[in-house]
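Printed here is model-v1.cif (mmCIF, C-alpha atoms):
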```cif
data_upload
#
loop_
_atom_site.group_PDB
_atom_site.id
_atom_site.type_symbol
_atom_site.label_atom_id
_atom_site.label_comp_id
_atom_site.auth_asym_id
_atom_site.auth_seq_id
_atom_site.Cartn_x
_atom_site.Cartn_y
_atom_site.Cartn_z
ATOM 1 C CA MET Z 1 5.671 -25.250 14.160
ATOM 2 C CA LYS Z 2 4.897 -21.524 13.987
ATOM 3 C CA LYS Z 3 8.471 -20.656 14.961
ATOM 4 C CA ILE Z 4 9.840 -22.990 12.309
ATOM 5 C CA ILE Z 5 7.630 -21.453 9.615
ATOM 6 C CA SER Z 6 8.666 -17.966 10.685
ATOM 7 C CA LEU Z 7 12.358 -18.831 10.564
ATOM 8 C CA LEU Z 8 12.094 -20.512 7.177
ATOM 9 C CA PHE Z 9 10.203 -17.533 5.809
ATOM 10 C CA LEU Z 10 12.812 -15.075 7.029
ATOM 11 C CA LEU Z 11 15.756 -17.122 5.844
ATOM 12 C CA GLY Z 12 14.156 -17.596 2.456
ATOM 13 C CA LEU Z 13 13.571 -13.880 2.193
ATOM 14 C CA ILE Z 14 17.158 -13.032 3.016
ATOM 15 C CA SER Z 15 19.000 -15.722 1.083
ATOM 16 C CA SER Z 16 17.014 -15.920 -2.149
ATOM 17 C CA THR Z 17 16.814 -12.468 -3.706
ATOM 18 C CA LYS Z 18 17.756 -9.873 -1.108
ATOM 19 C CA ALA Z 19 14.467 -8.231 -2.109
ATOM 20 C CA GLN Z 20 11.624 -6.759 -0.116
ATOM 21 C CA GLN Z 21 7.984 -6.332 -0.970
ATOM 22 C CA ASP Z 22 6.069 -3.101 -0.524
ATOM 23 C CA SER Z 23 3.920 -3.158 2.587
ATOM 24 C CA GLN Z 24 0.420 -4.543 2.040
ATOM 25 C CA PHE Z 25 -2.455 -2.145 2.799
ATOM 26 C CA THR Z 26 -6.013 -3.274 2.126
ATOM 27 C CA GLN Z 27 -7.448 0.212 2.659
ATOM 28 C CA TYR Z 28 -5.391 1.921 -0.056
ATOM 29 C CA LEU Z 29 -8.878 2.321 -1.582
ATOM 30 C CA PHE Z 30 -9.634 5.285 0.664
ATOM 31 C CA ASN Z 31 -6.379 7.165 0.057
ATOM 32 C CA GLY Z 32 -4.514 6.439 -3.161
ATOM 33 C CA ILE Z 33 -1.413 8.424 -2.147
ATOM 34 C CA HIS Z 34 -0.069 5.285 -0.458
ATOM 35 C CA ILE Z 35 0.575 3.723 -3.861
ATOM 36 C CA ASN Z 36 0.400 6.677 -6.292
ATOM 37 C CA PRO Z 37 1.975 10.148 -5.781
ATOM 38 C CA ALA Z 38 -0.313 11.605 -8.491
ATOM 39 C CA TYR Z 39 -3.201 11.223 -6.005
ATOM 40 C CA ALA Z 40 -1.764 13.991 -3.795
ATOM 41 C CA GLY Z 41 -4.285 16.802 -3.382
ATOM 42 C CA TYR Z 42 -7.149 14.946 -5.046
ATOM 43 C CA LYS Z 43 -9.499 15.430 -2.094
ATOM 44 C CA GLU Z 44 -8.760 19.199 -2.344
ATOM 45 C CA ASP Z 45 -8.960 19.624 1.422
ATOM 46 C CA ILE Z 46 -5.959 19.038 3.645
ATOM 47 C CA TYR Z 47 -6.323 15.409 4.651
ATOM 48 C CA VAL Z 48 -4.352 13.507 7.300
ATOM 49 C CA GLN Z 49 -4.623 9.732 7.496
ATOM 50 C CA SER Z 50 -2.893 6.901 9.328
ATOM 51 C CA PHE Z 51 -2.893 3.119 8.847
ATOM 52 C CA TYR Z 52 -1.876 0.329 11.165
ATOM 53 C CA ARG Z 53 -1.780 -3.243 9.902
ATOM 54 C CA SER Z 54 -1.014 -6.465 11.765
ATOM 55 C CA GLN Z 55 -0.627 -9.221 9.194
ATOM 56 C CA TRP Z 56 -0.938 -12.958 9.865
ATOM 57 C CA ALA Z 57 -1.738 -12.533 13.562
ATOM 58 C CA GLY Z 58 -0.386 -15.393 15.655
ATOM 59 C CA ILE Z 59 2.797 -16.006 13.657
ATOM 60 C CA LYS Z 60 6.045 -14.997 15.340
ATOM 61 C CA GLY Z 61 7.765 -12.236 13.382
ATOM 62 C CA ALA Z 62 4.748 -11.574 11.130
ATOM 63 C CA PRO Z 63 4.646 -8.204 9.305
ATOM 64 C CA LYS Z 64 3.443 -5.097 11.113
ATOM 65 C CA SER Z 65 3.072 -1.805 9.228
ATOM 66 C CA PHE Z 66 2.292 1.788 10.132
ATOM 67 C CA SER Z 67 1.874 4.725 7.766
ATOM 68 C CA LEU Z 68 1.037 8.403 8.239
ATOM 69 C CA ALA Z 69 0.212 10.629 5.250
ATOM 70 C CA ALA Z 70 -0.901 14.252 4.853
ATOM 71 C CA ASP Z 71 -1.756 15.964 1.589
ATOM 72 C CA GLY Z 72 -3.648 18.948 0.211
ATOM 73 C CA ALA Z 73 -4.402 20.972 -2.930
ATOM 74 C CA PHE Z 74 -2.879 24.378 -3.709
ATOM 75 C CA ASN Z 75 -2.759 26.900 -6.562
ATOM 76 C CA ASP Z 76 -6.547 26.681 -7.172
ATOM 77 C CA GLY Z 77 -6.422 22.900 -6.994
ATOM 78 C CA ASN Z 78 -3.890 22.530 -9.798
ATOM 79 C CA VAL Z 79 -1.061 21.401 -7.515
ATOM 80 C CA GLY Z 80 -1.116 18.635 -4.933
ATOM 81 C CA LEU Z 81 1.477 18.389 -2.168
ATOM 82 C CA GLY Z 82 1.889 15.628 0.360
ATOM 83 C CA LEU Z 83 4.143 13.994 2.948
ATOM 84 C CA MET Z 84 4.167 10.316 3.878
ATOM 85 C CA VAL Z 85 6.107 8.369 6.510
ATOM 86 C CA SER Z 86 5.851 4.608 6.978
ATOM 87 C CA ASN Z 87 7.462 1.945 9.115
ATOM 88 C CA ASP Z 88 7.426 -1.808 8.500
ATOM 89 C CA GLN Z 89 8.676 -4.639 10.684
ATOM 90 C CA LEU Z 90 9.083 -8.234 9.544
ATOM 91 C CA GLY Z 91 10.805 -10.316 12.167
ATOM 92 C CA ALA Z 92 14.394 -9.084 12.272
ATOM 93 C CA GLN Z 93 13.850 -6.765 9.335
ATOM 94 C CA THR Z 94 12.889 -3.058 9.566
ATOM 95 C CA TYR Z 95 11.960 -0.627 6.832
ATOM 96 C CA LEU Z 96 11.501 3.116 7.482
ATOM 97 C CA THR Z 97 10.622 5.480 4.622
ATOM 98 C CA ALA Z 98 9.727 9.147 4.163
ATOM 99 C CA TYR Z 99 8.528 10.779 0.924
ATOM 100 C CA ALA Z 100 7.568 14.249 -0.259
ATOM 101 C CA ASN Z 101 4.886 14.077 -2.972
ATOM 102 C CA TYR Z 102 4.138 16.529 -5.781
ATOM 103 C CA ALA Z 103 1.276 16.273 -8.296
ATOM 104 C CA TYR Z 104 0.240 18.594 -11.112
ATOM 105 C CA ARG Z 105 -3.382 18.375 -12.204
ATOM 106 C CA ILE Z 106 -4.760 19.207 -15.671
ATOM 107 C CA ARG Z 107 -8.497 19.882 -15.996
ATOM 108 C CA ILE Z 108 -9.626 18.336 -19.249
ATOM 109 C CA ASP Z 109 -13.276 19.187 -20.047
ATOM 110 C CA ASP Z 110 -15.162 22.490 -19.933
ATOM 111 C CA ASP Z 111 -16.867 21.876 -16.583
ATOM 112 C CA GLU Z 112 -13.513 20.738 -15.084
ATOM 113 C CA ASP Z 113 -14.954 17.474 -13.768
ATOM 114 C CA SER Z 114 -12.334 15.384 -15.575
ATOM 115 C CA GLN Z 115 -8.801 15.685 -14.218
ATOM 116 C CA LEU Z 116 -5.491 14.152 -15.269
ATOM 117 C CA ALA Z 117 -2.695 14.325 -12.702
ATOM 118 C CA PHE Z 118 1.015 13.532 -12.956
ATOM 119 C CA GLY Z 119 2.928 12.891 -9.752
ATOM 120 C CA ILE Z 120 6.402 12.305 -8.388
ATOM 121 C CA ALA Z 121 7.640 11.467 -4.896
ATOM 122 C CA ALA Z 122 11.204 11.747 -3.629
ATOM 123 C CA GLY Z 123 12.467 10.469 -0.316
ATOM 124 C CA MET Z 124 14.732 8.226 1.716
ATOM 125 C CA MET Z 125 14.680 4.614 2.879
ATOM 126 C CA GLN Z 126 16.361 3.304 5.998
ATOM 127 C CA LEU Z 127 16.720 -0.471 5.737
ATOM 128 C CA GLY Z 128 17.744 -2.602 8.681
ATOM 129 C CA LEU Z 129 18.324 -6.212 9.710
ATOM 130 C CA ASP Z 130 19.021 -7.400 13.266
ATOM 131 C CA GLY Z 131 20.934 -10.679 13.194
ATOM 132 C CA ASN Z 132 20.426 -11.079 16.953
ATOM 133 C CA LYS Z 133 16.749 -11.892 16.290
ATOM 134 C CA LEU Z 134 17.566 -14.787 13.932
ATOM 135 C CA GLU Z 135 18.649 -18.314 14.725
ATOM 136 C CA GLY Z 136 20.798 -20.377 12.375
ATOM 137 C CA TYR Z 137 20.776 -24.131 11.882
ATOM 138 C CA ARG Z 138 24.356 -24.377 13.073
ATOM 139 C CA PRO Z 139 26.891 -22.049 14.751
ATOM 140 C CA GLY Z 140 28.436 -19.595 12.350
ATOM 141 C CA ASP Z 141 25.654 -19.934 9.768
ATOM 142 C CA GLY Z 142 26.674 -17.601 6.944
ATOM 143 C CA LEU Z 143 23.055 -16.648 6.247
ATOM 144 C CA ILE Z 144 22.805 -14.872 9.603
ATOM 145 C CA PRO Z 145 24.493 -11.459 9.871
ATOM 146 C CA VAL Z 146 26.542 -10.688 12.969
ATOM 147 C CA GLY Z 147 24.786 -7.948 14.949
ATOM 148 C CA SER Z 148 22.656 -5.316 13.238
ATOM 149 C CA GLN Z 149 23.082 -3.934 9.755
ATOM 150 C CA SER Z 150 21.449 -0.838 8.275
ATOM 151 C CA ASN Z 151 21.602 1.189 5.115
ATOM 152 C CA THR Z 152 20.016 4.472 4.020
ATOM 153 C CA VAL Z 153 19.345 5.096 0.330
ATOM 154 C CA PRO Z 154 17.428 7.702 -1.718
ATOM 155 C CA ASP Z 155 14.351 6.662 -3.657
ATOM 156 C CA ALA Z 156 11.664 7.969 -6.010
ATOM 157 C CA ARG Z 157 8.121 7.137 -7.112
ATOM 158 C CA PHE Z 158 6.134 8.138 -10.191
ATOM 159 C CA GLY Z 159 2.460 8.054 -11.106
ATOM 160 C CA VAL Z 160 -0.411 9.243 -13.290
ATOM 161 C CA TYR Z 161 -4.040 9.462 -12.178
ATOM 162 C CA TYR Z 162 -7.271 10.233 -14.085
ATOM 163 C CA ALA Z 163 -10.679 10.835 -12.507
ATOM 164 C CA ASN Z 164 -14.099 12.281 -13.350
ATOM 165 C CA LYS Z 165 -17.465 12.141 -11.603
ATOM 166 C CA LYS Z 166 -17.953 8.415 -12.191
ATOM 167 C CA TYR Z 167 -14.657 6.738 -13.039
ATOM 168 C CA PHE Z 168 -10.993 6.749 -12.090
ATOM 169 C CA ALA Z 169 -7.807 4.972 -13.147
ATOM 170 C CA GLY Z 170 -4.176 5.247 -12.142
ATOM 171 C CA PHE Z 171 -0.752 3.776 -12.870
ATOM 172 C CA SER Z 172 2.289 4.119 -10.622
ATOM 173 C CA ALA Z 173 5.797 2.791 -10.052
ATOM 174 C CA THR Z 174 7.529 2.660 -6.640
ATOM 175 C CA ASN Z 175 11.053 1.851 -5.395
ATOM 176 C CA MET Z 176 12.529 3.110 -8.636
ATOM 177 C CA LEU Z 177 15.948 4.192 -7.290
ATOM 178 C CA ALA Z 178 16.632 2.218 -4.117
ATOM 179 C CA LYS Z 179 17.693 -0.989 -5.871
ATOM 180 C CA TYR Z 180 20.331 0.795 -7.938
ATOM 181 C CA MET Z 181 21.585 3.218 -5.277
ATOM 182 C CA ALA Z 182 22.032 0.408 -2.751
ATOM 183 C CA ARG Z 183 24.405 -1.547 -4.988
ATOM 184 C CA LYS Z 184 27.263 0.794 -4.172
ATOM 185 C CA ASN Z 185 27.394 0.089 -0.453
ATOM 186 C CA THR Z 186 25.524 -3.159 0.265
ATOM 187 C CA GLU Z 187 27.699 -5.747 -1.440
ATOM 188 C CA ASP Z 188 28.697 -7.246 1.893
ATOM 189 C CA MET Z 189 25.355 -6.700 3.620
ATOM 190 C CA MET Z 190 22.407 -9.040 4.099
ATOM 191 C CA VAL Z 191 19.922 -6.146 4.315
ATOM 192 C CA PRO Z 192 17.031 -6.778 1.862
ATOM 193 C CA VAL Z 193 16.537 -3.985 -0.689
ATOM 194 C CA PRO Z 194 13.066 -3.210 -2.116
ATOM 195 C CA GLN Z 195 12.528 -3.997 -5.781
ATOM 196 C CA PRO Z 196 10.550 -1.782 -8.201
ATOM 197 C CA HIS Z 197 6.782 -2.291 -7.953
ATOM 198 C CA PHE Z 198 4.146 -1.410 -10.543
ATOM 199 C CA TYR Z 199 0.490 -0.693 -9.772
ATOM 200 C CA PHE Z 200 -2.604 -0.241 -11.902
ATOM 201 C CA THR Z 201 -5.902 0.609 -10.269
ATOM 202 C CA ALA Z 202 -9.327 1.499 -11.657
ATOM 203 C CA GLY Z 203 -12.863 1.871 -10.349
ATOM 204 C CA ALA Z 204 -16.249 3.526 -10.687
ATOM 205 C CA LEU Z 205 -19.225 4.733 -8.677
ATOM 206 C CA PHE Z 206 -22.764 3.707 -9.728
ATOM 207 C CA PRO Z 207 -25.893 5.061 -7.968
ATOM 208 C CA LEU Z 208 -28.387 2.258 -7.261
ATOM 209 C CA ASN Z 209 -30.972 4.514 -5.586
ATOM 210 C CA GLU Z 210 -31.027 7.642 -3.430
ATOM 211 C CA ASP Z 211 -29.451 5.880 -0.455
ATOM 212 C CA VAL Z 212 -27.176 3.251 -1.988
ATOM 213 C CA GLN Z 213 -24.236 3.508 -4.394
ATOM 214 C CA LEU Z 214 -21.996 0.742 -5.724
ATOM 215 C CA LYS Z 215 -18.215 1.100 -6.054
ATOM 216 C CA PRO Z 216 -16.225 -1.692 -7.789
ATOM 217 C CA VAL Z 217 -12.426 -1.363 -7.762
ATOM 218 C CA ILE Z 218 -9.552 -3.463 -9.086
ATOM 219 C CA LEU Z 219 -5.860 -3.294 -8.208
ATOM 220 C CA PHE Z 220 -3.113 -5.017 -10.191
ATOM 221 C CA LYS Z 221 0.401 -5.253 -8.728
ATOM 222 C CA ASP Z 222 3.657 -6.686 -10.064
ATOM 223 C CA ASP Z 223 7.222 -6.495 -8.731
ATOM 224 C CA THR Z 224 9.039 -8.592 -11.394
ATOM 225 C CA LYS Z 225 10.418 -10.901 -8.653
ATOM 226 C CA GLY Z 226 7.276 -12.665 -7.431
ATOM 227 C CA PRO Z 227 3.777 -13.562 -8.598
ATOM 228 C CA SER Z 228 1.613 -10.819 -10.068
ATOM 229 C CA SER Z 229 -1.446 -10.140 -7.918
ATOM 230 C CA LEU Z 230 -4.974 -8.863 -8.464
ATOM 231 C CA ASP Z 231 -7.379 -7.411 -5.907
ATOM 232 C CA ILE Z 232 -11.083 -7.372 -6.807
ATOM 233 C CA ASN Z 233 -13.117 -5.123 -4.514
ATOM 234 C CA ALA Z 234 -16.805 -4.189 -4.298
ATOM 235 C CA PHE Z 235 -18.383 -1.659 -1.895
ATOM 236 C CA LEU Z 236 -21.754 -0.223 -1.074
ATOM 237 C CA LEU Z 237 -22.073 3.374 0.116
ATOM 238 C CA LEU Z 238 -25.069 3.638 2.449
ATOM 239 C CA LYS Z 239 -26.702 7.043 2.949
ATOM 240 C CA GLU Z 240 -23.351 8.701 2.176
ATOM 241 C CA THR Z 241 -22.160 7.714 5.640
ATOM 242 C CA VAL Z 242 -20.948 4.106 5.607
ATOM 243 C CA TRP Z 243 -18.773 2.141 3.187
ATOM 244 C CA ILE Z 244 -19.183 -1.639 3.514
ATOM 245 C CA GLY Z 245 -17.714 -4.236 1.194
ATOM 246 C CA GLY Z 246 -15.364 -7.097 0.553
ATOM 247 C CA PHE Z 247 -12.445 -8.164 -1.598
ATOM 248 C CA TYR Z 248 -10.772 -11.192 -3.143
ATOM 249 C CA ARG Z 249 -7.002 -11.250 -3.702
ATOM 250 C CA ASN Z 250 -5.202 -13.786 -5.861
ATOM 251 C CA SER Z 251 -2.013 -14.214 -7.860
ATOM 252 C CA PHE Z 252 -1.472 -15.181 -11.465
ATOM 253 C CA ASP Z 253 1.266 -15.555 -14.067
ATOM 254 C CA LEU Z 254 1.231 -12.393 -16.162
ATOM 255 C CA TYR Z 255 4.466 -13.470 -17.838
ATOM 256 C CA LYS Z 256 7.008 -16.237 -17.407
ATOM 257 C CA LYS Z 257 9.344 -16.017 -14.421
ATOM 258 C CA ASP Z 258 11.843 -18.870 -14.441
ATOM 259 C CA TYR Z 259 12.672 -18.529 -10.749
ATOM 260 C CA GLN Z 260 9.024 -18.694 -9.645
ATOM 261 C CA LYS Z 261 7.710 -22.046 -8.422
ATOM 262 C CA SER Z 262 4.681 -23.282 -10.367
ATOM 263 C CA THR Z 263 3.302 -25.013 -7.264
ATOM 264 C CA LEU Z 264 2.573 -21.746 -5.431
ATOM 265 C CA SER Z 265 -1.090 -21.313 -4.493
ATOM 266 C CA LYS Z 266 -2.930 -18.788 -6.689
ATOM 267 C CA GLN Z 267 -5.481 -18.000 -4.007
ATOM 268 C CA ASN Z 268 -4.255 -15.451 -1.499
ATOM 269 C CA ALA Z 269 -6.988 -13.944 0.679
ATOM 270 C CA ILE Z 270 -10.552 -12.756 1.040
ATOM 271 C CA GLY Z 271 -11.777 -10.138 3.460
ATOM 272 C CA ALA Z 272 -14.217 -7.469 4.522
ATOM 273 C CA ILE Z 273 -13.821 -3.691 4.798
ATOM 274 C CA LEU Z 274 -15.866 -1.140 6.733
ATOM 275 C CA GLU Z 275 -15.400 2.638 6.792
ATOM 276 C CA VAL Z 276 -17.599 5.146 8.604
ATOM 277 C CA PHE Z 277 -17.822 8.920 8.670
ATOM 278 C CA ALA Z 278 -17.904 9.274 12.448
ATOM 279 C CA THR Z 279 -18.298 13.056 11.961
ATOM 280 C CA ASP Z 280 -18.244 15.323 8.905
ATOM 281 C CA ASN Z 281 -14.446 15.439 9.100
ATOM 282 C CA LEU Z 282 -13.497 12.089 10.668
ATOM 283 C CA ARG Z 283 -13.253 8.776 8.816
ATOM 284 C CA ILE Z 284 -12.588 5.483 10.634
ATOM 285 C CA GLY Z 285 -11.970 2.202 8.823
ATOM 286 C CA TYR Z 286 -11.358 -1.447 9.655
ATOM 287 C CA SER Z 287 -10.548 -4.418 7.436
ATOM 288 C CA TYR Z 288 -10.002 -8.119 8.036
ATOM 289 C CA ASP Z 289 -8.111 -10.477 5.707
ATOM 290 C CA TYR Z 290 -8.495 -14.264 5.811
ATOM 291 C CA SER Z 291 -5.780 -16.328 4.119
ATOM 292 C CA LEU Z 292 -6.865 -18.894 1.539
ATOM 293 C CA ASN Z 293 -3.485 -20.601 1.122
ATOM 294 C CA LYS Z 294 -1.790 -23.073 3.480
ATOM 295 C CA LEU Z 295 -0.784 -20.228 5.776
ATOM 296 C CA ARG Z 296 -4.398 -20.060 7.017
ATOM 297 C CA ASP Z 297 -3.742 -22.985 9.373
ATOM 298 C CA TYR Z 298 -1.098 -20.994 11.276
ATOM 299 C CA ASN Z 299 -2.563 -17.507 11.720
ATOM 300 C CA TYR Z 300 -5.698 -15.694 12.849
ATOM 301 C CA GLY Z 301 -6.037 -13.370 9.896
ATOM 302 C CA SER Z 302 -4.787 -9.846 9.218
ATOM 303 C CA HIS Z 303 -6.223 -6.743 10.878
ATOM 304 C CA GLU Z 304 -5.988 -3.178 9.610
ATOM 305 C CA ILE Z 305 -7.236 0.075 11.147
ATOM 306 C CA SER Z 306 -7.293 3.501 9.486
ATOM 307 C CA VAL Z 307 -8.163 6.955 10.793
ATOM 308 C CA GLY Z 308 -8.498 9.985 8.533
ATOM 309 C CA PHE Z 309 -9.243 13.632 9.304
ATOM 310 C CA TYR Z 310 -10.171 16.510 6.977
ATOM 311 C CA ILE Z 311 -8.994 20.029 7.737
ATOM 312 C CA ASN Z 312 -11.646 22.154 6.047
ATOM 313 C CA ARG Z 313 -10.372 24.921 3.795
ATOM 314 C CA ASN Z 314 -12.418 26.646 1.092
ATOM 315 C CA THR Z 315 -15.027 24.029 0.185
ATOM 316 C CA GLY Z 316 -18.339 23.392 1.898
ATOM 317 C CA SER Z 317 -18.857 20.311 4.035
ATOM 318 C CA ARG Z 318 -21.478 18.805 1.741
ATOM 319 C CA ASP Z 319 -19.421 19.194 -1.455
ATOM 320 C CA ARG Z 320 -16.348 17.841 0.292
ATOM 321 C CA GLN Z 321 -18.085 14.663 1.427
ATOM 322 C CA LEU Z 322 -19.621 13.914 -1.957
ATOM 323 C CA ARG Z 323 -16.280 14.277 -3.693
ATOM 324 C CA CYS Z 324 -14.287 12.256 -1.172
ATOM 325 C CA TYR Z 325 -16.824 9.480 -0.907
ATOM 326 C CA LYS Z 326 -16.163 8.599 -4.529
ATOM 327 C CA PHE Z 327 -12.511 7.739 -4.465
#
```
Just give me the structure as structure tokens.
Amino acid sequence: MKKIISLLFLLGLISSTKAQQDSQFTQYLFNGIHINPAYAGYKEDIYVQSFYRSQWAGIKGAPKSFSLAADGAFNDGNVGLGLMVSNDQLGAQTYLTAYANYAYRIRIDDDEDSQLAFGIAAGMMQLGLDGNKLEGYRPGDGLIPVGSQSNTVPDARFGVYYANKKYFAGFSATNMLAKYMARKNTEDMMVPVPQPHFYFTAGALFPLNEDVQLKPVILFKDDTKGPSSLDINAFLLLKETVWIGGFYRNSFDLYKKDYQKSTLSKQNAIGAILEVFATDNLRIGYSYDYSLNKLRDYNYGSHEISVGFYINRNTGSRDRQLRCYKF
């Protein structure tokens, strides 16, 4: 049964829209550069972070994602620069990307606690599909490509990000060029091409007492081709050392999409997230997602691990931690 579900999922992905979703990362909360280039340099230290996610464990061909990002602040904190490389695998499909990020930050109030950043990322996508890993219903099935196909296209991302001591909000758009650049040389290819995605995220940090702070966060995502989704997150920061919290993810109809089935489940997943400062400079995180839709009967959940490291520059350790704990 698991093999059948996997095959149907892959064939549906390839034959319906030739589109691909952005990789799903639960721990975007701890490094916004993964969805918004305007976040580059926000932590003001040079920060290197990696993610590994195994989604829907137990299903053959389930998504696996890896991402490595490094960013820092320059020109007295007014400019953020970053690099990000990611690799996704979904059955026979592969998706390798690399982006250079640039953000310019404007300090709004007199004490410079409020900052408004504008960001852009430019890079390349290498899209691939290995027909040898797919099985058709009959010999010569036209939905299955012969051998491997690949295509490399340029791409760009855009974003804006506002933050002060207590609140933050950001809007970003990804995959803004790939869809259009790929049209010139993929007419006869089955390689899925990512569609534009739009993100809005916002959150705050509320002190409850000297040792505990509360951080609620929301993330809205839409790709124009599938259901809109909303993540609702809540965390507690304990003694400025441990983040612990949970999230609920669901989908909803923001606007009418004629090609979208009305019978799709609105509930997506719930999960828990833990992040610890193992040392002053080392952050380690783990999250677990549990599916709430019918897919829950065929997988063992999704697992995600993150490791982040600060390279100290001009700020003190204490100030750095307090700032980075927030967002």
Selection: 8 Å around Leu282 of chain Z, all atoms listed in the file, excl. self and same-chain fewer than 3 positions, as JSON, numbers by chain: {"Z": [277, 278, 279, 307, 308, 309, 310]}
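The smallest atom-to-atom distance between Ala69 of chain Z and any of Z:Ser251, Z:Asn87, Z:Ser50, Z:Gln55, using all atoms listed in the file, is found for Z:Ser50.
Considering the residues Z:Ile244, Z:Leu236, Z:Ile284, Z:Val193 and counting only C-alpha atoms, Met181 of chain Z has its shortest atom-to-atom contact with Z:Val193.
Closest approach to Lys221 of chain Z among Z:Ala103, Z:Ile35, Z:Val160, Z:Ala122 is made by Z:Ile35 (distances from all atoms listed in the file).
Using all atoms listed in the file, the smallest distance between any of Z:Thr26, Z:Ala121, Z:Gln115, Z:Ala57 and Leu219 of chain Z comes from Z:Thr26.
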For the structure shown, which residues end up in the PyMOL selection byres ((chain Z and resi 248) around 10)? Put them as a list of chain:residue names, please? Z:Ile218, Z:Leu230, Z:Asp231, Z:Ile232, Z:Asn233, Z:Ala234, Z:Gly246, Z:Phe247, Z:Arg249, Z:Asn250, Z:Gln267, Z:Asn268, Z:Ala269, Z:Ile270, Z:Gly271, Z:Ala272, Z:Asp289, Z:Tyr290, Z:Leu292
Could you take the residues named above and write them with C-alpha atoms, as a tab-separated table (two decimals), keeping the file's coordinate frame?
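Heads up, here's the output in part39.tsv:
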```
chain	number	residue	atom	x	y	z
Z	218	ILE	CA	-9.55	-3.46	-9.09
Z	230	LEU	CA	-4.97	-8.86	-8.46
Z	231	ASP	CA	-7.38	-7.41	-5.91
Z	232	ILE	CA	-11.08	-7.37	-6.81
Z	233	ASN	CA	-13.12	-5.12	-4.51
Z	234	ALA	CA	-16.80	-4.19	-4.30
Z	246	GLY	CA	-15.36	-7.10	0.55
Z	247	PHE	CA	-12.44	-8.16	-1.60
Z	249	ARG	CA	-7.00	-11.25	-3.70
Z	250	ASN	CA	-5.20	-13.79	-5.86
Z	267	GLN	CA	-5.48	-18.00	-4.01
Z	268	ASN	CA	-4.26	-15.45	-1.50
Z	269	ALA	CA	-6.99	-13.94	0.68
Z	270	ILE	CA	-10.55	-12.76	1.04
Z	271	GLY	CA	-11.78	-10.14	3.46
Z	272	ALA	CA	-14.22	-7.47	4.52
Z	289	ASP	CA	-8.11	-10.48	5.71
Z	290	TYR	CA	-8.49	-14.26	5.81
Z	292	LEU	CA	-6.86	-18.89	1.54
```
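For the set Z:Asp76, Z:Tyr28, Z:Asp113, Z:Asp22, the residue with the smallest atom-to-atom gap to Tyr286 of chain Z is Z:Tyr28, counting all atoms listed in the file.
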Surrounding residues of segment 209-214 of chain Z excluding itself and chain neighbours under 4 positions, 7 Å, all atoms listed in the file, as JSON, numbers by chain: {"Z": [205, 235, 236, 237, 238, 239]}
Can you pull out every residue within 6 Å of Leu116 of chain Z, counting all atoms listed in the file, but drop anything in the same chain fewer than 4 positions away, and send it as JSON, numbers by chain? {"Z": [105, 106, 161, 162]}
